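One structure below.
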Amino acid sequence: MAKDTSIIFNRRTTGERIWFIAAFVIFILYSLLVIAFFGWALKCSLMDLDEFYYNPVAWPSKLHFENYKIAFEVLEYSNTTFFGMVINSLWFSIGGAVLNVFIHCCTGYVFGKYEFWGKKFMLSVAIFTMIIPIVGALPASYRLICGTLGINNSPLYLITMLGGLGSNLMIMMAFFKGIDRSYAEAAFIDGATDWQVFIKIMIPMAKGPILAIGIMAVISGWNNYTTPILYLDKMPTLASGLYYFNQAIQYVDNKPAYFAGVIMTMIPALVLFSISSNRIMGNVVMGGLKG
Amino acid sequence: MKAWQKVKDIGYDISCWFHNLKNKLFKNRQKKSNFSTKKKSQSIFVFAMLIVPIIHFLVFWVYVNFSSIMFAFQKNTPTGIVFTLENFEYAIKEIFREGSTISSALKNTLVTWVLDNVVMFALSILWSWFIYKRIKGGAVFRIIFYIPVIVSGAAVTTIFTFMLQAKGPIGQLYQVLYHTKEVPSFLLDERYAMKTVLIYIFLTGFGGNMVLLSGAMSRIPKEMMESAIMDGCGMWREIFNFVIPLCWSTLSTMLIISLAALFTASGPILLLTGGAGKTFTLSYWIFYQVKFLGKYNQPAALGLIFTFIGMPIVLGVRWFFGKFFTDLEY
């Protein structure tokens, strides 16, 4: 990629240079801390059991990759194996993200491109619910999901993610608002219906932000531990499984295998983010909250 | 004959007038029917797109919050449910009772919020600016800073917990620094627990806001910044007079959303301490009561109190932002 020669990125006064050097040093130190933190966990995951108990800080004499295989055999909670937790994490994170992003696309498009009765009111309600600091809705929500609806410990729980009026609405609405009207008008003149315009023209055009918020939603679903602990305690995901293992850590004999499980839990989010960081950074713009 | 001709002409005129009227009416009707069909299909489209979110909102927001208010006024007795103000009495007493779990939870919540949403937010703006200004290695730093945010909190806290143990690197470092074999329990001991949680939040939260901030900064028109720099604008003036105002739409949204979390700020208390060492926060106290003790009424009342305290704060700040600050379009 050609270097940007704009003065924004190249002209710096002496005072600014000192700030940049200071920031660079802090960034390096912080990066080393992060690398050391995860590096230590990676090292522990490759240690021999005896070596780990003797001195977990020491470097392993031999790398034991078999710990990753053992993790699949020994890590189990509530009759769910490690592999079962991977499956639970997959449907929970991907399913939730697909539903959530699709429904926000629908509402974002309608709010961004259509004028209809009650639009201002609905948008104000959406913003109101977004900014109002509801503190104690958990008891009622827990009773509704686990009692009245009975959708806990079931993939049906995903219907709770069909919101559509959350903060992603602002991102999708800002994007659809910015799309030139002429694309839709040309399609309407050619006889396209509203559905065709939405599915065949608008969705492909919104691929960037859809993927960006979709990936963020998958990562956040993958890492979410409170929701599975509350509502999916018999279907633990990897994140909630780690919490349960952590609670019973004194009973986990093979700690290097446990660390292997920890590392495996992190890998999908890391891979997904590293291949899509530019897309995420470049496509997520949040609009204002003026109702 | 002449009179007959006149009658014929009048008759012809009338028939022409009727013909024109018919055409006019018919065309208008056709136009009108085309218009109404389009309008109707558009309305069906809008309705279909919004029906699921509306039902969801009614069930999971309106009903849930209504039930929550009801819970706050209810008490389970052996004879059944009675309506009472006892839950509020209990909550208010506990908030003001020195040394109570709720009063320390409130203090911890506010400290966590300030750290997460004031200190870290300000630092995130600065960090994002350095990366926007293409500091050497910025692309790599951006990814590294974001790693603790994107990997599972359960995984990160597990590693952190192990590191703090006597045999872990931090525990061993402590032994070397303080020439002792006794390592305090950083996550259970009252003297250290909350501080350890705050350090954890500080160390893992740098990248949290960077996605939105980097996105907003990358959209600032280059020409605008170029002319400011050519006019001799320095670093801090550039940040305060250009970057912040030009990103105000995103910043104010983030600030208001973070303010909405004023009384729900928690940090990973569940994973790190489970509330031990006086580390309860308000939202974790509610979570604990519901999940582990099966209590609904007192947590609902406490939540309602803080919702009513938080609501005017958020709405006031939003009004203030709207009144005295302008979102710039570019």
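Letters for chains follow the order of the structure tokens (A, B, ...), residue numbers begin at 1 for each chain, and ligand numbers begin at 1 in the order shown.
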Selection: 8 Å around segment 56-73 of chain B, only C-alpha atoms, excl. self and same-chain fewer than 2 positions, as a PDB file with N, CA and C atoms, in the first residue's frame:
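Output saved as around24.pdb:
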ATOM      1  N   GLY A 136     -33.133  -2.828  37.387  1.00  0.00           N
ATOM      2  CA  GLY A 136     -33.532  -4.101  38.002  1.00  0.00           C
ATOM      3  C   GLY A 136     -34.519  -4.934  37.216  1.00  0.00           C
ATOM      4  N   ALA A 137     -34.352  -5.021  35.899  1.00  0.00           N
ATOM      5  CA  ALA A 137     -35.319  -5.809  35.123  1.00  0.00           C
ATOM      6  C   ALA A 137     -34.995  -7.303  35.133  1.00  0.00           C
ATOM      7  N   PRO A 139     -34.916  -9.710  37.497  1.00  0.00           N
ATOM      8  CA  PRO A 139     -35.842 -10.665  38.116  1.00  0.00           C
ATOM      9  C   PRO A 139     -37.048 -10.970  37.218  1.00  0.00           C
ATOM     10  N   ALA A 140     -37.647  -9.916  36.647  1.00  0.00           N
ATOM     11  CA  ALA A 140     -38.830 -10.124  35.796  1.00  0.00           C
ATOM     12  C   ALA A 140     -38.466 -10.874  34.520  1.00  0.00           C
ATOM     13  N   SER A 141     -37.324 -10.509  33.965  1.00  0.00           N
ATOM     14  CA  SER A 141     -36.868 -11.148  32.737  1.00  0.00           C
ATOM     15  C   SER A 141     -36.588 -12.637  32.984  1.00  0.00           C
ATOM     16  N   LEU A 144     -39.824 -14.484  33.362  1.00  0.00           N
ATOM     17  CA  LEU A 144     -40.505 -14.622  32.058  1.00  0.00           C
ATOM     18  C   LEU A 144     -39.870 -15.741  31.224  1.00  0.00           C
ATOM     19  N   THR A 160     -35.117 -14.284  22.002  1.00  0.00           N
ATOM     20  CA  THR A 160     -34.941 -13.060  22.800  1.00  0.00           C
ATOM     21  C   THR A 160     -33.974 -12.093  22.107  1.00  0.00           C
ATOM     22  N   LEU A 162     -34.163 -11.256  18.978  1.00  0.00           N
ATOM     23  CA  LEU A 162     -34.811 -10.634  17.814  1.00  0.00           C
ATOM     24  C   LEU A 162     -35.224  -9.185  18.121  1.00  0.00           C
ATOM     25  N   GLY A 163     -34.383  -8.453  18.797  1.00  0.00           N
ATOM     26  CA  GLY A 163     -34.754  -7.097  19.230  1.00  0.00           C
ATOM     27  C   GLY A 163     -35.121  -6.135  18.127  1.00  0.00           C
ATOM     28  N   LEU A 165     -34.589  -2.982  17.967  1.00  0.00           N
ATOM     29  CA  LEU A 165     -34.621  -1.574  18.353  1.00  0.00           C
ATOM     30  C   LEU A 165     -33.415  -1.235  19.243  1.00  0.00           C
TER      31      LEU A 165
ATOM     32  N   VAL B  52     -42.204  -7.921  14.035  1.00  0.00           N
ATOM     33  CA  VAL B  52     -41.441  -8.758  14.984  1.00  0.00           C
ATOM     34  C   VAL B  52     -40.760  -7.892  16.059  1.00  0.00           C
ATOM     35  N   PRO B  53     -40.036  -6.829  15.647  1.00  0.00           N
ATOM     36  CA  PRO B  53     -39.435  -5.982  16.698  1.00  0.00           C
ATOM     37  C   PRO B  53     -40.476  -5.381  17.647  1.00  0.00           C
ATOM     38  N   ILE B  54     -41.659  -5.046  17.117  1.00  0.00           N
ATOM     39  CA  ILE B  54     -42.682  -4.449  17.990  1.00  0.00           C
ATOM     40  C   ILE B  54     -43.169  -5.474  19.015  1.00  0.00           C
ATOM     41  N   LYS B  75     -44.787  -8.960  47.958  1.00  0.00           N
ATOM     42  CA  LYS B  75     -44.054  -9.769  48.937  1.00  0.00           C
ATOM     43  C   LYS B  75     -44.735 -11.124  49.029  1.00  0.00           C
ATOM     44  N   PHE B  83     -49.362  -6.824  48.444  1.00  0.00           N
ATOM     45  CA  PHE B  83     -48.716  -5.602  47.966  1.00  0.00           C
ATOM     46  C   PHE B  83     -48.224  -4.787  49.150  1.00  0.00           C
ATOM     47  N   THR B  84     -46.986  -4.351  49.078  1.00  0.00           N
ATOM     48  CA  THR B  84     -46.360  -3.690  50.231  1.00  0.00           C
ATOM     49  C   THR B  84     -45.240  -2.742  49.769  1.00  0.00           C
ATOM     50  N   LEU B  85     -44.834  -1.862  50.680  1.00  0.00           N
ATOM     51  CA  LEU B  85     -43.694  -0.979  50.389  1.00  0.00           C
ATOM     52  C   LEU B  85     -42.433  -1.462  51.111  1.00  0.00           C
ATOM     53  N   GLU B  86     -42.529  -2.638  51.722  1.00  0.00           N
ATOM     54  CA  GLU B  86     -41.421  -3.158  52.533  1.00  0.00           C
ATOM     55  C   GLU B  86     -40.113  -3.303  51.758  1.00  0.00           C
ATOM     56  N   ASN B  87     -40.241  -3.690  50.475  1.00  0.00           N
ATOM     57  CA  ASN B  87     -39.026  -3.880  49.667  1.00  0.00           C
ATOM     58  C   ASN B  87     -38.272  -2.567  49.498  1.00  0.00           C
ATOM     59  N   PHE B  88     -39.020  -1.482  49.321  1.00  0.00           N
ATOM     60  CA  PHE B  88     -38.393  -0.170  49.171  1.00  0.00           C
ATOM     61  C   PHE B  88     -37.766   0.265  50.502  1.00  0.00           C
ATOM     62  N   TYR B 296     -36.749 -12.196  44.097  1.00  0.00           N
ATOM     63  CA  TYR B 296     -37.091 -11.286  43.008  1.00  0.00           C
ATOM     64  C   TYR B 296     -37.505  -9.898  43.504  1.00  0.00           C
ATOM     65  N   ASN B 297     -38.167  -9.829  44.639  1.00  0.00           N
ATOM     66  CA  ASN B 297     -38.833  -8.589  45.040  1.00  0.00           C
ATOM     67  C   ASN B 297     -37.879  -7.475  45.476  1.00  0.00           C
ATOM     68  N   GLN B 298     -36.981  -7.807  46.382  1.00  0.00           N
ATOM     69  CA  GLN B 298     -36.043  -6.768  46.840  1.00  0.00           C
ATOM     70  C   GLN B 298     -35.126  -6.290  45.711  1.00  0.00           C
ATOM     71  N   PRO B 299     -34.576  -7.193  44.890  1.00  0.00           N
ATOM     72  CA  PRO B 299     -33.767  -6.701  43.767  1.00  0.00           C
ATOM     73  C   PRO B 299     -34.568  -5.794  42.824  1.00  0.00           C
ATOM     74  N   ALA B 300     -35.839  -6.139  42.593  1.00  0.00           N
ATOM     75  CA  ALA B 300     -36.671  -5.315  41.702  1.00  0.00           C
ATOM     76  C   ALA B 300     -36.865  -3.925  42.298  1.00  0.00           C
ATOM     77  N   ALA B 301     -37.080  -3.864  43.620  1.00  0.00           N
ATOM     78  CA  ALA B 301     -37.279  -2.558  44.268  1.00  0.00           C
ATOM     79  C   ALA B 301     -36.003  -1.728  44.205  1.00  0.00           C
ATOM     80  N   LEU B 302     -34.874  -2.375  44.473  1.00  0.00           N
ATOM     81  CA  LEU B 302     -33.595  -1.656  44.411  1.00  0.00           C
ATOM     82  C   LEU B 302     -33.359  -1.140  42.982  1.00  0.00           C
ATOM     83  N   LEU B 304     -35.577  -0.445  40.744  1.00  0.00           N
ATOM     84  CA  LEU B 304     -36.523   0.638  40.434  1.00  0.00           C
ATOM     85  C   LEU B 304     -36.036   1.965  41.027  1.00  0.00           C
TER      86      LEU B 304
END
Shell around Ile94 of chain A at 10 Å using only C-alpha atoms, local window under 6 positions removed, as a short mmCIF file (atom, residue, chain, number, x, y, z; two decimals) with C-alpha atoms, in the first residue's frame:
data_model
loop_
_atom_site.label_atom_id
_atom_site.label_comp_id
_atom_site.auth_asym_id
_atom_site.auth_seq_id
_atom_site.Cartn_x
_atom_site.Cartn_y
_atom_site.Cartn_z
CA ASN A 100 -30.01 -9.91 15.60
CA GLY A 214 -22.40 -9.44 12.44
CA ILE A 215 -18.81 -10.32 13.31
CA ALA A 217 -22.23 -9.93 17.41
CA VAL A 218 -20.69 -13.39 16.85
CA ILE A 219 -17.65 -12.48 18.96
CA GLY A 221 -22.11 -14.04 21.69
CA TRP A 222 -19.12 -16.39 21.76
#
With only C-alpha atoms as the counted atoms, please give the residues lying no more than 9 Å from Pro133 of chain A, apart from itself and same-chain residues fewer than 5 positions off, as a ChimeraX atom specification. /B:257,259-264,306-308,310-311,314
Mind checking DSSP for segment 49-290 of chain A and telling me the helix (DSSP H, G or I) residues as a PyMOL selection string? chain A and resi 49-54+66-74+82-113+119-131+138-148+155-161+167-178+181-189+194-205+207-223+226-231+238-247+249-251+255-283
Using Å and a single decimal, report how far atom CA of Ile127 of chain A sits from atom CA of Phe321 of chain B. 14.9 Å
Leaving out Phe65 of chain A and any residue of its chain fewer than 2 positions from it, which residues lie within 9 Å of it when counting only C-alpha atoms, given as number ranges by chain? A: 45-47, 63, 67-69, 260
Preceding selection exported with N, CA and C atoms as a short mmCIF file (atom, residue, chain, number, x, y, z; two decimals), in the first residue's frame:
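again-v3.cif was written with the following content:
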data_model
loop_
_atom_site.label_atom_id
_atom_site.label_comp_id
_atom_site.auth_asym_id
_atom_site.auth_seq_id
_atom_site.Cartn_x
_atom_site.Cartn_y
_atom_site.Cartn_z
N SER A 45 -0.50 -24.24 28.81
CA SER A 45 -1.31 -25.26 28.12
C SER A 45 -0.44 -26.34 27.50
N LEU A 46 0.86 -26.05 27.35
CA LEU A 46 1.75 -27.01 26.70
C LEU A 46 2.69 -27.70 27.70
N MET A 47 2.42 -27.48 28.98
CA MET A 47 3.32 -28.04 30.00
C MET A 47 2.94 -29.47 30.40
N LEU A 63 7.26 -29.54 24.75
CA LEU A 63 5.91 -29.02 24.51
C LEU A 63 4.91 -30.18 24.38
N ASN A 67 -2.08 -32.08 25.26
CA ASN A 67 -2.99 -31.49 26.25
C ASN A 67 -4.29 -31.00 25.59
N TYR A 68 -4.15 -30.57 24.32
CA TYR A 68 -5.33 -30.06 23.61
C TYR A 68 -6.32 -31.19 23.32
N LYS A 69 -5.75 -32.38 23.07
CA LYS A 69 -6.61 -33.54 22.83
C LYS A 69 -7.24 -33.99 24.15
N ALA A 260 -5.38 -25.53 28.07
CA ALA A 260 -5.58 -25.80 26.64
C ALA A 260 -7.02 -25.44 26.26
#
Excluding segment 187-204 of chain A and any residue of its chain fewer than 4 positions from it, enumerate the residues within 7 Å of it, using only C-alpha atoms, and give them as a ChimeraX atom specification. /A:183 /B:42,45
One-decimal distance in Å that lies between atom CA of Asn20 of chain B and atom CA of Lys8 of chain B: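 Atom CA of Asn20 of chain B lies 18.1 Å from atom CA of Lys8 of chain B.
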So, counting only C-alpha atoms, which residue among B:Phe280, B:Trp248, B:Tyr178, B:Tyr12 is closest to chain A? B:Trp248
What's the 12 Å shell around Pro268 of chain A, counting only C-alpha atoms, without same-chain residues fewer than 5 positions away, as a VMD selection string? (chain A and resid 86 89 to 90 93 to 94 215 218 to 223 238 262 to 263 273 to 275) or (chain B and resid 147 150 to 152)
Which residue of B:Thr250, B:Thr273, B:Thr180, B:Asn76 approaches chain A most closely, using only C-alpha atoms: B:Thr250
